[in-house]
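Input: a single structure, listed below in structure tokens.
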Amino acid sequence: MNRKRKGKGKSKKEKASMVNKPPWLELPEGIWAKILHRLGAVEILETAQKVCTTWRRICKDPSMWRVIDMSNDWDPSDMPYDLEEMCRHAVDRSQGQLLDIYLEYFATDLLIRYIANR
């Protein structure tokens, strides 16, 4: 006897679609941009952009990089990454829209020239 199951079990796809998404996932990208902009450039480049594709897309938008905050309360020699290289990356992401930049303890003449030329 071959019997078909009518409506008895739900497929994995159906079950997944029934799960409610958290309301914060429905926020417009403009709101996300305002939230993410409160982070410093280091936090955006090192963590926030790696959270999900939406955040990555927002973090790559040149408007996010009009003001770059690379000020810090730590010793640059204790950093596990090159702050000058990160700064260059942030300036490049601004695609010429940079208005203000805050640097502390690691800016060199070469870096200042790089920023000015962009």
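Each chain of the structure tokens is named A, B, ... in the order shown, its residues numbered from 1; ligands are numbered from 1 in display order.
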| request: May I have the residues within 7 Å of Ser71 (chain A) as a ChimeraX atom specification, using only C-alpha atoms and disregarding those fewer than 5 positions away in the same chain? | output: /A:102-104
Exercise for review: Would you work out the distance separating CA of Tyr114 (chain A) from CA of Met79 (chain A), expressed in Å to one decimal?
Suggested key: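 A separation of 21.5 Å between them.
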When you look at region 20-35 of chain A with a cut-off of 8 Å (counting only C-alpha atoms), what residues show up, excluding the ones that are within fewer than 6 positions of it in the same chain? I need them as an mmCIF file with N, CA and C atoms, in the first residue's frame.
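Output file selection-v7.cif follows:
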```cif
data_model
loop_
_atom_site.group_PDB
_atom_site.id
_atom_site.type_symbol
_atom_site.label_atom_id
_atom_site.label_comp_id
_atom_site.auth_asym_id
_atom_site.auth_seq_id
_atom_site.Cartn_x
_atom_site.Cartn_y
_atom_site.Cartn_z
ATOM 1 N N THR A 54 24.622 42.378 5.379
ATOM 2 C CA THR A 54 24.007 43.716 5.445
ATOM 3 C C THR A 54 24.974 44.706 6.068
ATOM 4 N N TRP A 55 25.568 44.326 7.187
ATOM 5 C CA TRP A 55 26.509 45.229 7.848
ATOM 6 C C TRP A 55 27.728 45.460 6.961
ATOM 7 N N ILE A 58 26.823 48.034 4.354
ATOM 8 C CA ILE A 58 26.737 49.363 4.963
ATOM 9 C C ILE A 58 28.132 49.895 5.268
ATOM 10 N N CYS A 59 28.997 49.044 5.799
ATOM 11 C CA CYS A 59 30.355 49.461 6.170
ATOM 12 C C CYS A 59 31.214 49.807 4.959
ATOM 13 N N MET A 64 29.716 56.221 4.980
ATOM 14 C CA MET A 64 30.104 55.813 6.340
ATOM 15 C C MET A 64 31.476 56.358 6.717
#
```
Original post:
Between CA of Asp92 (chain A) and CA of Leu45 (chain A), what is the spacing in Å?
Top reply: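 Pair CA of Leu45 (chain A) / CA of Asp92 (chain A) returns 12.5 Å.
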Counting only C-alpha atoms, which of A:Cys87, A:Ala48, A:Val42, A:Val67 gets nearest to Leu111 (chain A)?
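Selected residue with least distance to Leu111 (chain A): A:Cys87.
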Could you list, as a ChimeraX atom specification, every residue within 12 Å of Leu99 (chain A), counting only C-alpha atoms and ignoring same-chain residues fewer than 2 positions away? /A:62-69,91,94-97,101-102,115-116,118
What separates CA of Lys50 (chain A) and CA of Asn117 (chain A) is a distance of 28.8 Å
